[in-house]
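To keep things clear, I will list the structure first and then write my remarks on it.
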Amino acid sequence: MSDSLSTPETPRPAPGDHHPGESVRPTRAKGEPRFPDGPRADPAGSHFERRIRSFQPRRSRVTAGQADALQRLWAKWGLDIDGHHVDLAALFGNDGPVVLEIGFGMGEATAQMAAADPETNILAVDVHTPGQGNLLNLADRTGLKNVRVANGDAIILLREMLPPDSLDGLRVYFPDPWPKKRHHKRRLIQTEFLDLAATRLRPGALVHCATDWEPYAEQMLEVLAAHPGFANTRADGGFSPRPAFRPLTRFEGQGLDKGHVVNDLLFRRVQHEGRRDH
């Protein structure tokens with residue numbers, strides 16, 4: 001269904017009519033791409049089998065600055081998750097280590113981590129268009145060269161597009177907790193997901209999860225501890241303190257102010273003798 005809010009006859013705003021921070025109202029004709037040079041609405045299309053998704057695509061207003069970043073920078077720093085093999089060295093322009101971040105919100109924490117560790121490449125995946133534009137804008141404004149923004153389903157990226165042992169880390173910060181019991185099957189951190197992720201993570205790669213939903217934190221700890229491909233970095237087998245490299249986000253700070261408990265989990269990818277991981 002089109003999300004156009006106007007007819008083709010509606011006059012288009014002149015390029016100078018928008019100011020930074022203003023929301024951009026779609027005025028395109030029916031069927032016209034939202035961002036002709038930006039991320040595609042459904043990059044994988046119907047080529048892949050239907051399955052329960054762990055995310056909900058979110059439509060919200062895009063500011064003029066975000067829209068401009070999507071139009072200018074997507075061809076350079078964006079990746080549509082369409083099922084085609086991706087060469088990470090070509091994507092980043094170097095052979096540095098690559099960390100996959102699934103779900104980055106508005107991208108502030110991602111940009112901070114990229115700036116603090118410029119030798120590590122971050123492939124950041126999300127389906128939230130304003131967040132994609134915001135992260136591209138932050139990377140452009142601060143001169144970051146080690147961030148790429150991927151649009152679409154991270155499962156397809158892992159399963160279809162990345163080769164074995166291609167990742168040096170995995171970050172999943174504050175994923176949707178799907179609190180209702182009937183929705184628990186939609187949670188990302190499950191055994192099946194870890195089976196897939198293990199094939200793409202090099203031995204020694206760090207898996208870092210964080211959540212402010214305690215029941216989900218307990219589930220994460222349970223499934224990670226039970227998986228033979230991962231080992232807890234905590235000798236006591238429990239949660240980890242927030243490491244210095246993970247910034248405190250505004251969302252997290254608001255939760256802490258409300259008394260929420262945030263749990264971090266840090267696990268290493270291990271190689272088991274006699275186990276086929278590819």
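The way I read the labels, and the way they are meant: chains A, B, ... in the order of the structure tokens, residue 1 as the first residue of every chain, and ligand 1 as the first ligand shown, with later ones counted on from there.
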Check stretch 54-224 of chain A with DSSP on the backbone and list each residue it calls strand (DSSP E or B), as a count of residues only.
39
Could I get the residues of stretch 159-263 of chain A with an atom no further than 12 Å from an atom of stretch 113-132 of chain A, each paired with its nearest atom pair and that distance in Å to one decimal, using only C-alpha atoms, sorted by chain and residue number, as JSON lines?
{"residue": "A:Leu162", "atom": "CA", "partner": "A:Leu123", "partner_atom": "CA", "distance": 11.5}
{"residue": "A:Ser166", "atom": "CA", "partner": "A:Leu123", "partner_atom": "CA", "distance": 11.8}
{"residue": "A:Leu167", "atom": "CA", "partner": "A:Leu123", "partner_atom": "CA", "distance": 9.7}
{"residue": "A:Asp168", "atom": "CA", "partner": "A:Thr120", "partner_atom": "CA", "distance": 9.1}
{"residue": "A:Gly169", "atom": "CA", "partner": "A:Ile122", "partner_atom": "CA", "distance": 9.2}
{"residue": "A:Leu170", "atom": "CA", "partner": "A:Ile122", "partner_atom": "CA", "distance": 9.6}
{"residue": "A:Arg171", "atom": "CA", "partner": "A:Ala124", "partner_atom": "CA", "distance": 9.2}
{"residue": "A:Val172", "atom": "CA", "partner": "A:Val125", "partner_atom": "CA", "distance": 10.1}
{"residue": "A:Tyr173", "atom": "CA", "partner": "A:Ala124", "partner_atom": "CA", "distance": 11.5}
{"residue": "A:Pro175", "atom": "CA", "partner": "A:Asp126", "partner_atom": "CA", "distance": 10.9}
{"residue": "A:Pro243", "atom": "CA", "partner": "A:Met113", "partner_atom": "CA", "distance": 11.6}
{"residue": "A:Ala244", "atom": "CA", "partner": "A:Met113", "partner_atom": "CA", "distance": 10.0}
{"residue": "A:Phe245", "atom": "CA", "partner": "A:Met113", "partner_atom": "CA", "distance": 6.5}
{"residue": "A:Arg246", "atom": "CA", "partner": "A:Met113", "partner_atom": "CA", "distance": 6.9}
{"residue": "A:Pro247", "atom": "CA", "partner": "A:Met113", "partner_atom": "CA", "distance": 7.4}
{"residue": "A:Leu248", "atom": "CA", "partner": "A:Met113", "partner_atom": "CA", "distance": 11.0}
{"residue": "A:Thr249", "atom": "CA", "partner": "A:Met113", "partner_atom": "CA", "distance": 11.6}
Residues just named, written with N, CA and C atoms as a PDB file, in the first residue's frame:
ATOM      1  N   LEU A 162      26.620 -13.010   3.565  1.00  0.00           N
ATOM      2  CA  LEU A 162      27.941 -12.969   4.192  1.00  0.00           C
ATOM      3  C   LEU A 162      28.585 -14.349   4.181  1.00  0.00           C
ATOM      4  N   SER A 166      33.295 -14.289   8.532  1.00  0.00           N
ATOM      5  CA  SER A 166      33.541 -12.957   7.976  1.00  0.00           C
ATOM      6  C   SER A 166      33.372 -11.832   8.987  1.00  0.00           C
ATOM      7  N   LEU A 167      32.832 -12.144  10.162  1.00  0.00           N
ATOM      8  CA  LEU A 167      32.546 -11.108  11.153  1.00  0.00           C
ATOM      9  C   LEU A 167      33.426 -11.260  12.388  1.00  0.00           C
ATOM     10  N   ASP A 168      33.828 -10.124  12.938  1.00  0.00           N
ATOM     11  CA  ASP A 168      34.652 -10.117  14.144  1.00  0.00           C
ATOM     12  C   ASP A 168      33.849  -9.741  15.386  1.00  0.00           C
ATOM     13  N   GLY A 169      32.573  -9.492  15.202  1.00  0.00           N
ATOM     14  CA  GLY A 169      31.745  -9.156  16.345  1.00  0.00           C
ATOM     15  C   GLY A 169      30.290  -9.022  15.947  1.00  0.00           C
ATOM     16  N   LEU A 170      29.418  -9.128  16.951  1.00  0.00           N
ATOM     17  CA  LEU A 170      27.978  -8.970  16.756  1.00  0.00           C
ATOM     18  C   LEU A 170      27.438  -8.173  17.930  1.00  0.00           C
ATOM     19  N   ARG A 171      26.675  -7.116  17.636  1.00  0.00           N
ATOM     20  CA  ARG A 171      26.078  -6.274  18.671  1.00  0.00           C
ATOM     21  C   ARG A 171      24.566  -6.229  18.483  1.00  0.00           C
ATOM     22  N   VAL A 172      23.870  -6.504  19.551  1.00  0.00           N
ATOM     23  CA  VAL A 172      22.408  -6.413  19.547  1.00  0.00           C
ATOM     24  C   VAL A 172      22.015  -5.652  20.803  1.00  0.00           C
ATOM     25  N   TYR A 173      21.759  -4.371  20.648  1.00  0.00           N
ATOM     26  CA  TYR A 173      21.457  -3.510  21.787  1.00  0.00           C
ATOM     27  C   TYR A 173      19.972  -3.152  21.815  1.00  0.00           C
ATOM     28  N   PRO A 175      17.036  -4.824  21.689  1.00  0.00           N
ATOM     29  CA  PRO A 175      16.094  -5.309  20.674  1.00  0.00           C
ATOM     30  C   PRO A 175      14.677  -5.308  21.223  1.00  0.00           C
ATOM     31  N   PRO A 243      30.354  -2.371  29.344  1.00  0.00           N
ATOM     32  CA  PRO A 243      31.739  -2.043  29.003  1.00  0.00           C
ATOM     33  C   PRO A 243      31.869  -0.585  28.588  1.00  0.00           C
ATOM     34  N   ALA A 244      33.054  -0.035  28.767  1.00  0.00           N
ATOM     35  CA  ALA A 244      33.271   1.386  28.483  1.00  0.00           C
ATOM     36  C   ALA A 244      33.018   1.729  27.027  1.00  0.00           C
ATOM     37  N   PHE A 245      33.186   0.755  26.120  1.00  0.00           N
ATOM     38  CA  PHE A 245      33.027   1.071  24.699  1.00  0.00           C
ATOM     39  C   PHE A 245      31.566   1.195  24.280  1.00  0.00           C
ATOM     40  N   ARG A 246      30.612   0.747  25.113  1.00  0.00           N
ATOM     41  CA  ARG A 246      29.195   0.922  24.759  1.00  0.00           C
ATOM     42  C   ARG A 246      28.674   2.189  25.413  1.00  0.00           C
ATOM     43  N   PRO A 247      28.364   3.223  24.626  1.00  0.00           N
ATOM     44  CA  PRO A 247      27.899   4.483  25.206  1.00  0.00           C
ATOM     45  C   PRO A 247      26.542   4.313  25.895  1.00  0.00           C
ATOM     46  N   LEU A 248      26.316   5.159  26.871  1.00  0.00           N
ATOM     47  CA  LEU A 248      25.007   5.232  27.515  1.00  0.00           C
ATOM     48  C   LEU A 248      24.104   6.070  26.628  1.00  0.00           C
ATOM     49  N   THR A 249      23.053   5.453  26.089  1.00  0.00           N
ATOM     50  CA  THR A 249      22.168   6.170  25.171  1.00  0.00           C
ATOM     51  C   THR A 249      21.105   6.952  25.945  1.00  0.00           C
TER      52      THR A 249
END
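Closest approach to A:Pro97 among A:Ala205, A:Pro179, A:Arg141, A:Glu192: A:Ala205, based on only C-alpha atoms.
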Between A:Arg72, A:Gln112, A:Gly65, A:Phe104, smallest distance to A:Asp37 by only C-alpha atoms belongs to A:Arg72
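Rounded to one decimal, atom CA of A:Gly237 and atom CA of A:Ile102 lie 24.1 Å from each other.
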Got a sec: who's within 9 Å of stretch 267-269 of chain A, counting only C-alpha atoms, leaving out chain neighbours fewer than 6 positions off, as number ranges by chain?
A: 169, 198, 201-209, 224-225, 229-234
Can I get the selected residues back with N, CA and C atoms, as an mmCIF file, in the first residue's frame?
data_model
loop_
_atom_site.group_PDB
_atom_site.id
_atom_site.type_symbol
_atom_site.label_atom_id
_atom_site.label_comp_id
_atom_site.auth_asym_id
_atom_site.auth_seq_id
_atom_site.Cartn_x
_atom_site.Cartn_y
_atom_site.Cartn_z
ATOM 1 N N GLY A 169 32.573 -9.492 15.202
ATOM 2 C CA GLY A 169 31.745 -9.156 16.345
ATOM 3 C C GLY A 169 30.290 -9.022 15.947
ATOM 4 N N ALA A 198 26.687 -18.099 14.467
ATOM 5 C CA ALA A 198 27.940 -18.805 14.747
ATOM 6 C C ALA A 198 28.699 -19.132 13.468
ATOM 7 N N LEU A 201 30.616 -15.805 12.397
ATOM 8 C CA LEU A 201 31.530 -15.179 13.354
ATOM 9 C C LEU A 201 32.831 -15.967 13.440
ATOM 10 N N ARG A 202 33.932 -15.264 13.365
ATOM 11 C CA ARG A 202 35.234 -15.910 13.520
ATOM 12 C C ARG A 202 35.428 -16.355 14.969
ATOM 13 N N PRO A 203 36.213 -17.410 15.206
ATOM 14 C CA PRO A 203 36.560 -17.766 16.583
ATOM 15 C C PRO A 203 37.187 -16.561 17.294
ATOM 16 N N GLY A 204 36.730 -16.299 18.486
ATOM 17 C CA GLY A 204 37.194 -15.141 19.237
ATOM 18 C C GLY A 204 36.326 -13.917 19.092
ATOM 19 N N ALA A 205 35.404 -13.929 18.126
ATOM 20 C CA ALA A 205 34.523 -12.784 17.920
ATOM 21 C C ALA A 205 33.662 -12.556 19.162
ATOM 22 N N LEU A 206 33.414 -11.285 19.459
ATOM 23 C CA LEU A 206 32.643 -10.923 20.638
ATOM 24 C C LEU A 206 31.176 -10.707 20.277
ATOM 25 N N VAL A 207 30.304 -11.392 21.001
ATOM 26 C CA VAL A 207 28.866 -11.183 20.882
ATOM 27 C C VAL A 207 28.428 -10.360 22.084
ATOM 28 N N HIS A 208 27.857 -9.201 21.824
ATOM 29 C CA HIS A 208 27.480 -8.280 22.899
ATOM 30 C C HIS A 208 26.007 -7.923 22.770
ATOM 31 N N CYS A 209 25.239 -8.309 23.751
ATOM 32 C CA CYS A 209 23.806 -7.990 23.802
ATOM 33 C C CYS A 209 23.531 -7.125 25.026
ATOM 34 N N LEU A 224 22.348 -18.332 25.216
ATOM 35 C CA LEU A 224 23.759 -18.160 24.907
ATOM 36 C C LEU A 224 24.615 -19.134 25.707
ATOM 37 N N ALA A 225 24.297 -19.302 26.989
ATOM 38 C CA ALA A 225 25.077 -20.214 27.833
ATOM 39 C C ALA A 225 24.932 -21.663 27.380
ATOM 40 N N GLY A 229 28.632 -22.973 20.678
ATOM 41 C CA GLY A 229 29.476 -22.084 19.888
ATOM 42 C C GLY A 229 29.921 -20.839 20.613
ATOM 43 N N PHE A 230 29.440 -20.624 21.842
ATOM 44 C CA PHE A 230 29.731 -19.391 22.559
ATOM 45 C C PHE A 230 30.100 -19.667 24.014
ATOM 46 N N ALA A 231 30.943 -18.814 24.554
ATOM 47 C CA ALA A 231 31.358 -18.940 25.954
ATOM 48 C C ALA A 231 31.243 -17.588 26.630
ATOM 49 N N ASN A 232 30.705 -17.579 27.821
ATOM 50 C CA ASN A 232 30.540 -16.346 28.582
ATOM 51 C C ASN A 232 31.905 -15.809 29.001
ATOM 52 N N THR A 233 32.103 -14.505 28.839
ATOM 53 C CA THR A 233 33.357 -13.896 29.269
ATOM 54 C C THR A 233 33.398 -13.719 30.783
ATOM 55 N N ARG A 234 32.261 -13.877 31.433
ATOM 56 C CA ARG A 234 32.204 -13.769 32.898
ATOM 57 C C ARG A 234 32.487 -15.134 33.510
#
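Residues with any atom within 8 Å of A:Gly152, counting only C-alpha atoms and excluding same-chain neighbours fewer than 2 positions away, are Asp42, Pro43, Ala44, Asp80, Ile81, Asp82, Val125, Asp126, Val127, Ala150 and Ala154 of chain A.
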Only N, CA and C atoms, please: the residues just picked out, written as an mmCIF file, in the first residue's frame.
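Ended up saving to selection31.cif:
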data_model
loop_
_atom_site.group_PDB
_atom_site.id
_atom_site.type_symbol
_atom_site.label_atom_id
_atom_site.label_comp_id
_atom_site.auth_asym_id
_atom_site.auth_seq_id
_atom_site.Cartn_x
_atom_site.Cartn_y
_atom_site.Cartn_z
ATOM 1 N N ASP A 42 11.501 -2.616 -0.026
ATOM 2 C CA ASP A 42 11.501 -4.047 0.281
ATOM 3 C C ASP A 42 12.598 -4.711 -0.547
ATOM 4 N N PRO A 43 13.874 -4.558 -0.117
ATOM 5 C CA PRO A 43 14.983 -4.995 -0.971
ATOM 6 C C PRO A 43 15.004 -6.472 -1.302
ATOM 7 N N ALA A 44 14.537 -7.324 -0.380
ATOM 8 C CA ALA A 44 14.559 -8.767 -0.638
ATOM 9 C C ALA A 44 13.351 -9.225 -1.435
ATOM 10 N N ASP A 80 21.446 -2.301 0.469
ATOM 11 C CA ASP A 80 20.128 -2.935 0.524
ATOM 12 C C ASP A 80 20.308 -4.442 0.681
ATOM 13 N N ILE A 81 19.636 -5.009 1.661
ATOM 14 C CA ILE A 81 19.737 -6.447 1.924
ATOM 15 C C ILE A 81 18.807 -7.164 0.956
ATOM 16 N N ASP A 82 19.383 -7.569 -0.187
ATOM 17 C CA ASP A 82 18.581 -8.149 -1.265
ATOM 18 C C ASP A 82 18.930 -9.596 -1.557
ATOM 19 N N VAL A 125 22.649 -2.471 10.794
ATOM 20 C CA VAL A 125 21.425 -2.891 10.109
ATOM 21 C C VAL A 125 20.197 -2.366 10.851
ATOM 22 N N ASP A 126 19.262 -1.809 10.108
ATOM 23 C CA ASP A 126 17.983 -1.395 10.684
ATOM 24 C C ASP A 126 16.975 -1.244 9.552
ATOM 25 N N VAL A 127 15.704 -1.133 9.921
ATOM 26 C CA VAL A 127 14.647 -0.915 8.933
ATOM 27 C C VAL A 127 13.951 0.424 9.146
ATOM 28 N N ALA A 150 22.965 -0.780 6.525
ATOM 29 C CA ALA A 150 22.257 -1.812 5.758
ATOM 30 C C ALA A 150 20.771 -1.737 6.043
ATOM 31 N N ALA A 154 18.151 -8.661 8.837
ATOM 32 C CA ALA A 154 19.490 -9.128 9.196
ATOM 33 C C ALA A 154 19.654 -10.631 8.994
#
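The space separating atom CA of A:Tyr216 from atom CA of A:Asp153 comes to 20.9 Å.
Neighbouring residues of A:Leu91 at 9 Å or closer, counting only C-alpha atoms and skipping chain neighbours under 6 positions away, are Lys76, Trp77, Leu79 and Arg148 of chain A.
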Please produce an output containing all heavy atoms for each residue in the selection, written as a PDB file, in the first residue's frame.
ATOM      1  N   LYS A  76      26.832   5.473  -1.717  1.00  0.00           N
ATOM      2  CA  LYS A  76      28.217   5.375  -1.245  1.00  0.00           C
ATOM      3  C   LYS A  76      28.346   4.519   0.003  1.00  0.00           C
ATOM      4  O   LYS A  76      29.259   3.688   0.111  1.00  0.00           O
ATOM      5  CB  LYS A  76      28.748   6.791  -0.973  1.00  0.00           C
ATOM      6  CG  LYS A  76      30.179   6.859  -0.491  1.00  0.00           C
ATOM      7  CD  LYS A  76      30.565   8.315  -0.241  1.00  0.00           C
ATOM      8  CE  LYS A  76      31.978   8.440   0.289  1.00  0.00           C
ATOM      9  NZ  LYS A  76      32.327   9.850   0.615  1.00  0.00           N
ATOM     10  N   TRP A  77      27.437   4.699   0.960  1.00  0.00           N
ATOM     11  CA  TRP A  77      27.568   4.068   2.273  1.00  0.00           C
ATOM     12  C   TRP A  77      26.385   3.165   2.639  1.00  0.00           C
ATOM     13  O   TRP A  77      26.335   2.653   3.750  1.00  0.00           O
ATOM     14  CB  TRP A  77      27.731   5.136   3.357  1.00  0.00           C
ATOM     15  CG  TRP A  77      29.050   5.836   3.321  1.00  0.00           C
ATOM     16  CD1 TRP A  77      30.212   5.403   2.749  1.00  0.00           C
ATOM     17  CD2 TRP A  77      29.347   7.116   3.905  1.00  0.00           C
ATOM     18  NE1 TRP A  77      31.210   6.313   2.938  1.00  0.00           N
ATOM     19  CE2 TRP A  77      30.715   7.380   3.637  1.00  0.00           C
ATOM     20  CE3 TRP A  77      28.600   8.051   4.618  1.00  0.00           C
ATOM     21  CZ2 TRP A  77      31.347   8.559   4.071  1.00  0.00           C
ATOM     22  CZ3 TRP A  77      29.223   9.212   5.051  1.00  0.00           C
ATOM     23  CH2 TRP A  77      30.581   9.464   4.780  1.00  0.00           C
ATOM     24  N   LEU A  79      23.592  -0.130   1.963  1.00  0.00           N
ATOM     25  CA  LEU A  79      23.515  -1.490   1.424  1.00  0.00           C
ATOM     26  C   LEU A  79      22.088  -1.995   1.577  1.00  0.00           C
ATOM     27  O   LEU A  79      21.578  -2.096   2.698  1.00  0.00           O
ATOM     28  CB  LEU A  79      24.474  -2.423   2.180  1.00  0.00           C
ATOM     29  CG  LEU A  79      24.381  -3.913   1.842  1.00  0.00           C
ATOM     30  CD1 LEU A  79      24.888  -4.180   0.427  1.00  0.00           C
ATOM     31  CD2 LEU A  79      25.159  -4.750   2.861  1.00  0.00           C
ATOM     32  N   ARG A 148      28.859   1.578   7.638  1.00  0.00           N
ATOM     33  CA  ARG A 148      27.988   1.332   6.500  1.00  0.00           C
ATOM     34  C   ARG A 148      26.610   0.979   7.053  1.00  0.00           C
ATOM     35  O   ARG A 148      26.496   0.282   8.066  1.00  0.00           O
ATOM     36  CB  ARG A 148      28.512   0.197   5.610  1.00  0.00           C
ATOM     37  CG  ARG A 148      29.889   0.467   5.003  1.00  0.00           C
ATOM     38  CD  ARG A 148      29.854   1.609   4.002  1.00  0.00           C
ATOM     39  NE  ARG A 148      31.167   1.832   3.395  1.00  0.00           N
ATOM     40  CZ  ARG A 148      32.083   2.683   3.863  1.00  0.00           C
ATOM     41  NH1 ARG A 148      31.839   3.377   4.978  1.00  0.00           N
ATOM     42  NH2 ARG A 148      33.233   2.840   3.239  1.00  0.00           N
TER      43      ARG A 148
END
Exercise: A:Leu138 partners within 8 Å, only C-alpha atoms, chain neighbours under 6 positions left out, as a ChimeraX atom specification
/A:107-108,111
Name the residues in contact with A:Gly38 at a cut-off of 7 Å, using only C-alpha atoms, excluding same-chain residues fewer than 4 positions from it; report them as a short mmCIF file (atom, residue, chain, number, x, y, z; two decimals) with C-alpha atoms, in the first residue's frame.
data_model
loop_
_atom_site.label_atom_id
_atom_site.label_comp_id
_atom_site.auth_asym_id
_atom_site.auth_seq_id
_atom_site.Cartn_x
_atom_site.Cartn_y
_atom_site.Cartn_z
CA LEU A 70 19.70 9.25 2.29
CA GLN A 71 19.70 10.79 -1.17
CA TRP A 74 23.09 5.84 0.15
#
Closest of A:Asp87, A:Asp195, A:Asp257, A:Asp176 to A:Arg159, counting only C-alpha atoms, is A:Asp195
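Nearest to A:Ala210 of all the residues A:Gly78, A:Gly133, A:Gly103, A:Pro164 is A:Gly103, based on only C-alpha atoms.
The smallest atom-to-atom distance between A:Ala67 and any of A:Asn263, A:Thr211, A:Gln271, A:Asn137, using only C-alpha atoms, is found for A:Asn137.
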Correct to one decimal, the distance atom CA of A:Ala217-atom CA of A:Leu196 is 20.1 Å
Closest of A:Asp212, A:Gly93, A:Thr142, A:Gly83 to A:Leu256, counting only C-alpha atoms, is A:Asp212
Could you please write out, as a PyMOL selection string, every residue of stretch 40-272 of chain A that DSSP assigns to alpha helix (DSSP H)?
chain A and resi 64-77+88-92+108-116+129-142+154-156+191-200+214-226+250-257
